[in-house]
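Peer 1: Below you'll find query_34.cif; it's mmCIF, C-alpha atoms and all ligand atoms.
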data_final
#
loop_
_atom_site.label_atom_id
_atom_site.label_comp_id
_atom_site.auth_asym_id
_atom_site.auth_seq_id
_atom_site.Cartn_x
_atom_site.Cartn_y
_atom_site.Cartn_z
CA MET A 271 -49.75 -47.08 187.81
CA ASP A 272 -49.30 -50.65 188.89
CA ASP A 273 -46.78 -53.31 189.89
CA ARG A 274 -46.10 -54.14 186.23
CA LEU A 275 -44.86 -50.64 185.46
CA TRP A 276 -42.83 -50.48 188.67
CA THR A 277 -41.23 -53.81 187.73
CA GLU A 278 -40.46 -52.57 184.23
CA VAL A 279 -38.74 -49.46 185.57
CA ASP A 280 -36.83 -51.55 188.14
CA ARG A 281 -35.64 -53.76 185.28
CA TYR A 282 -34.58 -50.75 183.20
CA VAL A 283 -32.64 -49.23 186.11
CA GLY A 284 -31.22 -52.60 187.17
CA ASP A 285 -30.01 -53.49 183.69
CA LEU A 286 -28.18 -50.19 183.31
CA LEU A 287 -27.01 -49.34 186.83
CA ALA A 288 -27.09 -52.58 188.83
CA PRO A 289 -26.42 -55.32 186.29
CA HIS A 290 -25.89 -58.85 187.52
CA ASP A 291 -22.56 -60.54 186.96
CA ASP A 292 -22.33 -64.34 186.84
CA ALA A 293 -22.14 -64.68 190.63
CA LEU A 294 -25.27 -62.65 191.37
CA GLU A 295 -27.13 -64.43 188.59
CA ALA A 296 -26.00 -67.82 189.91
CA ALA A 297 -26.99 -66.85 193.45
CA LEU A 298 -30.54 -66.09 192.38
CA ARG A 299 -30.73 -69.22 190.23
CA ALA A 300 -29.49 -71.44 193.06
CA SER A 301 -31.98 -69.83 195.45
CA VAL A 302 -34.87 -70.50 193.07
CA GLU A 303 -33.71 -74.09 192.49
CA ALA A 304 -33.51 -74.69 196.24
CA GLY A 305 -37.06 -73.39 196.65
CA LEU A 306 -36.17 -70.31 198.68
CA PRO A 307 -38.83 -67.58 198.73
CA GLN A 308 -38.03 -64.81 196.24
CA ILE A 309 -38.06 -62.04 198.81
CA GLN A 310 -34.53 -60.72 198.41
CA VAL A 311 -33.95 -57.04 197.69
CA SER A 312 -34.23 -55.97 194.05
CA PRO A 313 -31.06 -55.23 192.03
CA PRO A 314 -31.45 -51.43 192.42
CA GLN A 315 -31.96 -51.92 196.16
CA GLY A 316 -28.89 -54.18 196.36
CA LYS A 317 -26.89 -51.49 194.59
CA LEU A 318 -28.28 -48.86 196.98
CA LEU A 319 -27.10 -50.92 199.97
CA GLN A 320 -23.68 -51.20 198.37
CA LEU A 321 -23.55 -47.44 197.77
CA PHE A 322 -24.58 -46.76 201.39
CA ALA A 323 -21.74 -48.99 202.58
CA GLN A 324 -19.28 -47.24 200.26
CA VAL A 325 -20.43 -43.73 201.23
CA ARG A 326 -19.97 -44.71 204.87
CA GLY A 327 -16.57 -46.30 204.11
CA ALA A 328 -17.81 -49.35 206.02
CA THR A 329 -15.27 -51.92 207.13
CA THR A 330 -17.65 -53.76 209.47
CA ILE A 331 -21.18 -54.71 208.47
CA LEU A 332 -23.94 -56.62 210.26
CA GLU A 333 -26.86 -58.09 208.35
CA LEU A 334 -29.93 -59.67 209.93
CA GLY A 335 -31.75 -61.94 207.48
CA THR A 336 -29.46 -63.60 204.93
CA LEU A 337 -31.90 -65.70 202.88
CA GLY A 338 -29.75 -66.89 199.92
CA GLY A 339 -27.07 -64.27 200.46
CA TYR A 340 -28.10 -61.94 197.62
CA SER A 341 -27.96 -58.69 199.63
CA THR A 342 -24.95 -60.11 201.48
CA ILE A 343 -23.01 -60.26 198.21
CA TRP A 344 -23.92 -56.68 197.26
CA LEU A 345 -22.84 -55.46 200.71
CA ALA A 346 -19.68 -57.57 200.96
CA ARG A 347 -18.50 -56.19 197.64
CA ALA A 348 -18.39 -52.73 199.24
CA LEU A 349 -15.87 -53.89 201.85
CA PRO A 350 -12.16 -53.23 201.53
CA PRO A 351 -9.71 -56.15 201.90
CA GLY A 352 -9.73 -57.19 205.55
CA GLY A 353 -13.30 -55.94 206.04
CA ARG A 354 -15.86 -58.04 207.87
CA LEU A 355 -19.53 -58.78 207.33
CA ILE A 356 -21.51 -60.87 209.80
CA THR A 357 -24.85 -62.10 208.48
CA VAL A 358 -27.47 -63.92 210.56
CA GLU A 359 -30.00 -66.41 209.20
CA ALA A 360 -32.49 -68.44 211.24
CA ASP A 361 -33.13 -71.16 208.66
CA PRO A 362 -30.25 -73.65 208.32
CA ARG A 363 -31.42 -74.70 204.86
CA TYR A 364 -31.39 -71.12 203.58
CA ALA A 365 -28.00 -70.62 205.23
CA GLU A 366 -26.58 -73.58 203.35
CA VAL A 367 -27.68 -72.09 200.02
CA ALA A 368 -26.33 -68.70 201.07
CA ARG A 369 -22.96 -70.13 202.06
CA ALA A 370 -22.48 -71.62 198.60
CA ASN A 371 -23.63 -68.40 196.90
CA ILE A 372 -21.30 -66.27 199.00
CA GLU A 373 -18.34 -68.56 198.29
CA ARG A 374 -19.10 -68.61 194.56
CA ALA A 375 -19.17 -64.80 194.57
CA GLY A 376 -15.63 -64.79 195.96
CA VAL A 377 -16.48 -62.91 199.18
CA GLY A 378 -16.40 -65.90 201.54
CA GLU A 379 -13.24 -64.58 203.23
CA LEU A 380 -15.05 -61.41 204.25
CA VAL A 381 -18.32 -62.97 205.40
CA GLU A 382 -19.20 -64.83 208.58
CA LEU A 383 -22.59 -66.54 208.39
CA ARG A 384 -24.22 -67.25 211.74
CA VAL A 385 -27.16 -69.62 211.85
CA GLY A 386 -29.92 -69.07 214.41
CA PRO A 387 -32.67 -66.65 215.36
CA GLY A 388 -31.33 -63.10 215.56
CA LEU A 389 -32.43 -62.63 219.16
CA GLU A 390 -30.34 -65.67 220.15
CA VAL A 391 -27.33 -64.89 217.96
CA LEU A 392 -26.96 -61.22 218.96
CA PRO A 393 -26.19 -61.92 222.66
CA LYS A 394 -23.54 -64.40 221.49
CA LEU A 395 -22.00 -61.75 219.24
CA ASP A 396 -22.08 -59.41 222.22
CA ALA A 397 -20.27 -61.97 224.40
CA GLU A 398 -17.67 -62.42 221.66
CA GLY A 399 -17.10 -58.67 221.48
CA ALA A 400 -18.23 -58.47 217.84
CA GLY A 401 -18.57 -55.04 216.31
CA PRO A 402 -18.96 -52.14 216.52
CA PHE A 403 -20.47 -51.98 213.05
CA ASP A 404 -20.30 -49.22 210.45
CA LEU A 405 -23.51 -50.41 208.81
CA THR A 406 -26.33 -52.66 210.00
CA PHE A 407 -28.95 -53.95 207.57
CA ILE A 408 -32.08 -55.22 209.34
CA ASP A 409 -34.05 -57.55 207.04
CA ALA A 410 -35.12 -60.55 209.14
CA ASP A 411 -38.35 -61.27 211.07
CA LYS A 412 -40.11 -57.92 210.92
CA VAL A 413 -41.77 -58.16 214.34
CA ASN A 414 -38.33 -57.95 215.91
CA THR A 415 -37.02 -55.01 213.85
CA PRO A 416 -37.23 -52.68 216.92
CA GLU A 417 -35.18 -55.14 219.01
CA TYR A 418 -32.55 -55.44 216.28
CA TYR A 419 -32.44 -51.66 215.94
CA ALA A 420 -31.99 -51.26 219.72
CA TRP A 421 -29.09 -53.73 219.63
CA ALA A 422 -27.53 -51.98 216.64
CA LEU A 423 -27.70 -48.63 218.44
CA ASP A 424 -25.40 -49.97 221.15
CA HIS A 425 -23.06 -51.68 218.68
CA SER A 426 -22.45 -49.00 216.05
CA THR A 427 -19.56 -46.68 215.29
CA PRO A 428 -20.10 -42.90 215.24
CA GLY A 429 -21.54 -42.05 211.83
CA ALA A 430 -22.73 -45.62 211.30
CA LEU A 431 -25.81 -46.34 209.20
CA ILE A 432 -28.68 -48.54 210.37
CA ILE A 433 -31.07 -49.56 207.60
CA ALA A 434 -34.33 -51.40 208.20
CA ASP A 435 -36.24 -52.81 205.22
CA ASN A 436 -39.99 -53.33 204.76
CA VAL A 437 -41.12 -50.76 207.29
CA VAL A 438 -44.00 -49.22 205.29
CA ARG A 439 -45.83 -52.50 204.78
CA GLY A 440 -48.39 -51.40 202.21
CA GLY A 441 -49.04 -48.21 204.16
CA THR A 442 -50.03 -49.90 207.44
CA LEU A 443 -47.15 -47.96 209.01
CA ALA A 444 -49.50 -44.97 209.16
CA ASP A 445 -52.43 -47.00 210.52
CA ALA A 446 -52.54 -46.70 214.29
CA GLY A 447 -55.38 -49.22 214.34
CA SER A 448 -53.55 -51.95 212.42
CA ASP A 449 -53.52 -55.19 214.34
CA GLU A 450 -50.75 -56.68 212.18
CA PRO A 451 -47.87 -57.35 214.61
CA ALA A 452 -45.23 -56.53 211.98
CA ALA A 453 -46.90 -53.16 211.28
CA GLN A 454 -47.13 -52.41 215.00
CA ALA A 455 -43.42 -53.22 215.26
CA GLN A 456 -42.57 -50.65 212.57
CA ARG A 457 -44.59 -48.00 214.41
CA ARG A 458 -42.69 -48.86 217.58
CA LEU A 459 -39.43 -48.55 215.63
CA HIS A 460 -40.43 -45.06 214.47
CA GLU A 461 -41.39 -43.99 218.00
CA MET A 462 -38.01 -45.24 219.25
CA LEU A 463 -36.22 -43.36 216.47
CA ALA A 464 -38.12 -40.14 217.19
CA ALA A 465 -37.14 -40.33 220.86
CA GLU A 466 -33.50 -41.29 220.30
CA PRO A 467 -31.01 -38.40 220.49
CA ARG A 468 -28.15 -40.58 219.22
CA VAL A 469 -29.55 -40.88 215.67
CA GLY A 470 -30.97 -38.86 212.82
CA ALA A 471 -33.39 -40.90 210.73
CA THR A 472 -35.96 -40.88 207.98
CA THR A 473 -38.14 -43.35 206.12
CA ILE A 474 -38.48 -43.46 202.35
CA GLN A 475 -41.46 -45.11 200.64
CA THR A 476 -40.54 -47.25 197.65
CA VAL A 477 -42.25 -48.88 194.70
CA GLY A 478 -40.65 -51.42 192.38
CA SER A 479 -40.56 -55.09 191.55
CA LYS A 480 -41.10 -55.72 195.28
CA GLY A 481 -44.37 -53.76 195.30
CA TYR A 482 -45.05 -50.83 197.61
CA ASP A 483 -43.02 -50.66 200.77
CA GLY A 484 -40.15 -48.61 202.18
CA PHE A 485 -37.03 -48.50 204.27
CA THR A 486 -35.73 -46.55 207.22
CA LEU A 487 -32.26 -45.04 207.24
CA ALA A 488 -30.78 -43.98 210.56
CA MET A 489 -27.36 -42.44 211.08
CA MET A 490 -25.52 -42.45 214.38
CA ARG A 491 -24.55 -38.91 215.33
C1 LIG B 501 -36.48 -60.75 203.51
S1 LIG B 501 -35.53 -62.19 203.77
C2 LIG B 501 -33.87 -61.58 203.67
C3 LIG B 501 -33.49 -61.19 202.30
C4 LIG B 501 -32.03 -60.86 202.13
N1 LIG B 501 -31.61 -59.83 203.06
C5 LIG B 501 -31.78 -60.38 200.72
O1 LIG B 501 -32.21 -59.27 200.41
O2 LIG B 501 -31.15 -61.12 199.93
C6 LIG B 501 -35.71 -62.46 205.49
C7 LIG B 501 -34.86 -63.59 206.02
O3 LIG B 501 -34.88 -63.52 207.44
C8 LIG B 501 -34.87 -64.85 207.92
N2 LIG B 501 -35.38 -64.84 209.30
C9 LIG B 501 -36.66 -64.98 209.72
N3 LIG B 501 -36.71 -64.93 211.05
C10 LIG B 501 -35.45 -64.74 211.48
C11 LIG B 501 -34.87 -64.61 212.76
N4 LIG B 501 -35.60 -64.66 213.87
N5 LIG B 501 -33.53 -64.43 212.83
C12 LIG B 501 -32.77 -64.38 211.70
N6 LIG B 501 -33.28 -64.51 210.47
C13 LIG B 501 -34.59 -64.69 210.36
C14 LIG B 501 -35.74 -65.60 206.96
O4 LIG B 501 -35.49 -67.00 207.05
C15 LIG B 501 -35.35 -64.98 205.64
O5 LIG B 501 -34.31 -65.71 205.06
#
Could you rewrite the structure in this file as structure tokens?
Peer 2:
Amino acid sequence: MDDRLWTEVDRYVGDLLAPHDDALEAALRASVEAGLPQIQVSPPQGKLLQLFAQVRGATTILELGTLGGYSTIWLARALPPGGRLITVEADPRYAEVARANIERAGVGELVELRVGPGLEVLPKLDAEGAGPFDLTFIDADKVNTPEYYAWALDHSTPGALIIADNVVRGGTLADAGSDEPAAQAQRRLHEMLAAEPRVGATTIQTVGSKGYDGFTLAMMR
């Protein structure tokens, strides 16, 4: 089994169950044309995020790591009229591409895009009284995933979902000796989760067009 097969299966599932409409297709095309890295979630993963938001009945969503707004569009489409999604992106150039993609997808009214490093933007959101959120998707700089998770814990509704992507990192999650800071951060996240009575959580390993990785799902009790 290899990446090629995983990609083929992702394509099969995506074509049938998570097909792109014009807006999603245009968002990816614009991101490629602008030279953004192609590190957005896959179509089946985007659909999974949307389903999580729908199962939760989310009306408020926080996303850390916008890139070109691909996952933002999937998530925003789960919101009811009057819902709110705040997405945070450190790179102003990426944010500009995302803004256009989000507008083109017709969800601009629901989405607030904040530009700046997450650790600087979150205290501002706090000061503004933003949240609490029904779903938080953590997909920014992986070394700070534990910090984003800790913030989300204090800014979530009962029953809220907190999802962190790319936590398995090619299996280094299970390697206590790994000196990769992002892998150490995911181990710290798991230790925090294990010690936290306010959440139930698990991590699922994934393969697909994005290779071998995995995500953590935590639910506020
Ligand atoms: C994996 S990509 C996000 C992909 C996006 N969620 C999607 O699936 O369409 C990670 C993004 O986080 C951004 N990022 C990196 N460091 C950040 C930080 N400190 N604060 C906020 N965003 C950051 C990167 O510029 C990049 O756009």
Peer 1: Using all atoms listed in the file, pick whichever of A:Ile309, A:Leu355, A:Ile331, A:Leu298 has the shortest atom-to-atom distance to ligand LIG 501 (chain B).
Peer 2: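 With all atoms listed in the file as the atom set, the closest residue is A:Ile309.
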Peer 1: Check which residues fall inside 7 Å of ligand LIG 501 (chain B) when counting all atoms listed in the file, and print them as a PyMOL selection string.
Peer 2: chain A and resi 309-311+334-342+358-361+364+386-389+409-411
Peer 1: Nearest to Ala430 of chain A: which of A:Ala323, A:Leu405, A:Ala300, A:Ala348 is it, counting only C-alpha atoms?
Peer 2: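 Of A:Ala323, A:Leu405, A:Ala300, A:Ala348, the one nearest Ala430 of chain A, counting only C-alpha atoms, is A:Leu405.
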Peer 1: If I wrap all listed atoms of segment 376-387 of chain A in a box with edges along x, y and z and add 5 Å on each side, what are its centre and edge lengths in Å to one decimal, as lines of an AutoDock Vina configuration file?
Peer 2:
center_x = -23.0
center_y = -65.5
center_z = 205.7
size_x = 29.4
size_y = 18.2
size_z = 29.4
Peer 1: Determine the nearest neighbour of Pro393 of chain A from the options A:Trp421, A:Val302, A:Val413, A:Pro314, counting only C-alpha atoms.
Peer 2: A:Trp421
Peer 1: Env of Asp272 of chain A: 12 Å cut, atoms = all atoms listed in the file, seq-sep filter 3 positions within chain, self excluded. Answer as a list in words.
Peer 2: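 The neighbour list is Leu275, Trp276, Thr277, Glu278, Val279, Val477, Gly478, Ser479, Lys480, Gly481 and Tyr482 of chain A.
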Peer 1: Using all atoms listed in the file, give me every residue within 12 Å of (-40.0, -45.7, 214.7) in file coordinates, as a count of residues only.
Peer 2: 33
Peer 1: I'd like the neighbourhood of Gly284 of chain A as JSON, numbers by chain, where a residue qualifies if any of its atoms comes within 9 Å (using only C-alpha atoms), though same-chain residues fewer than 6 positions away should be ignored.
Peer 2: {"A": [290, 312, 313, 314, 317]}
Peer 1: Would you please work out which residue, of A:Ala452, A:Ile432, A:Gly440, A:Ile372, is nearest to Asn414 of chain A when using all atoms listed in the file?
Peer 2: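 Going through A:Ala452, A:Ile432, A:Gly440, A:Ile372 one by one, the smallest distance to Asn414 of chain A is for A:Ala452.
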Peer 1: Any idea what the distance is between atom CA of Gly484 of chain A and atom CA of Lys412 of chain A?
Peer 2: 12.8 Å
Peer 1: In Å, rounded to a single decimal, give me how far atom CA of Gln320 of chain A is from atom CA of Leu287 of chain A.
Peer 2: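 Computing the Euclidean distance for atom CA of Leu287 of chain A and atom CA of Gln320 of chain A yields 12.2 Å.
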Peer 1: Measuring between only C-alpha atoms, which one of A:Arg374, A:Leu345, A:Gly429, A:Asp483 shows the shortest distance to Leu318 of chain A?
Peer 2: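 When distances to Leu318 of chain A are compared using only C-alpha atoms, the smallest one comes from A:Leu345.
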Peer 1: Enter the distance from atom CA of Val381 of chain A to atom CA of Gln324 of chain A, in Å, rounded to one decimal.
Peer 2: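 Here the two named atoms are 16.6 Å from each other.
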Peer 1: I'd like to know which of A:Ser448, A:Gln308, A:Ser301, A:Thr406 is closest to Thr357 of chain A, using only C-alpha atoms.
Peer 2: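 Checking each candidate against Thr357 of chain A, we get A:Thr406 as the closest.
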Peer 1: Could you pull the residues within 10 Å of Ala400 of chain A, counting only C-alpha atoms, minus those fewer than 3 positions along the same chain, as a ChimeraX atom specification?
Peer 2: /A:330,332,356,392-397,403,425
Peer 1: Go ahead and write the selection's residues with C-alpha atoms as a PDB file, keeping the file's coordinate frame.
Peer 2:
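Just written: part16.pdb:
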ATOM      1  CA  THR A 330     -17.650 -53.760 209.470  1.00  0.00           C
ATOM      2  CA  LEU A 332     -23.940 -56.620 210.260  1.00  0.00           C
ATOM      3  CA  ILE A 356     -21.510 -60.870 209.800  1.00  0.00           C
ATOM      4  CA  LEU A 392     -26.960 -61.220 218.960  1.00  0.00           C
ATOM      5  CA  PRO A 393     -26.190 -61.920 222.660  1.00  0.00           C
ATOM      6  CA  LYS A 394     -23.540 -64.400 221.490  1.00  0.00           C
ATOM      7  CA  LEU A 395     -22.000 -61.750 219.240  1.00  0.00           C
ATOM      8  CA  ASP A 396     -22.080 -59.410 222.220  1.00  0.00           C
ATOM      9  CA  ALA A 397     -20.270 -61.970 224.400  1.00  0.00           C
ATOM     10  CA  PHE A 403     -20.470 -51.980 213.050  1.00  0.00           C
ATOM     11  CA  HIS A 425     -23.060 -51.680 218.680  1.00  0.00           C
TER      12      HIS A 425
END
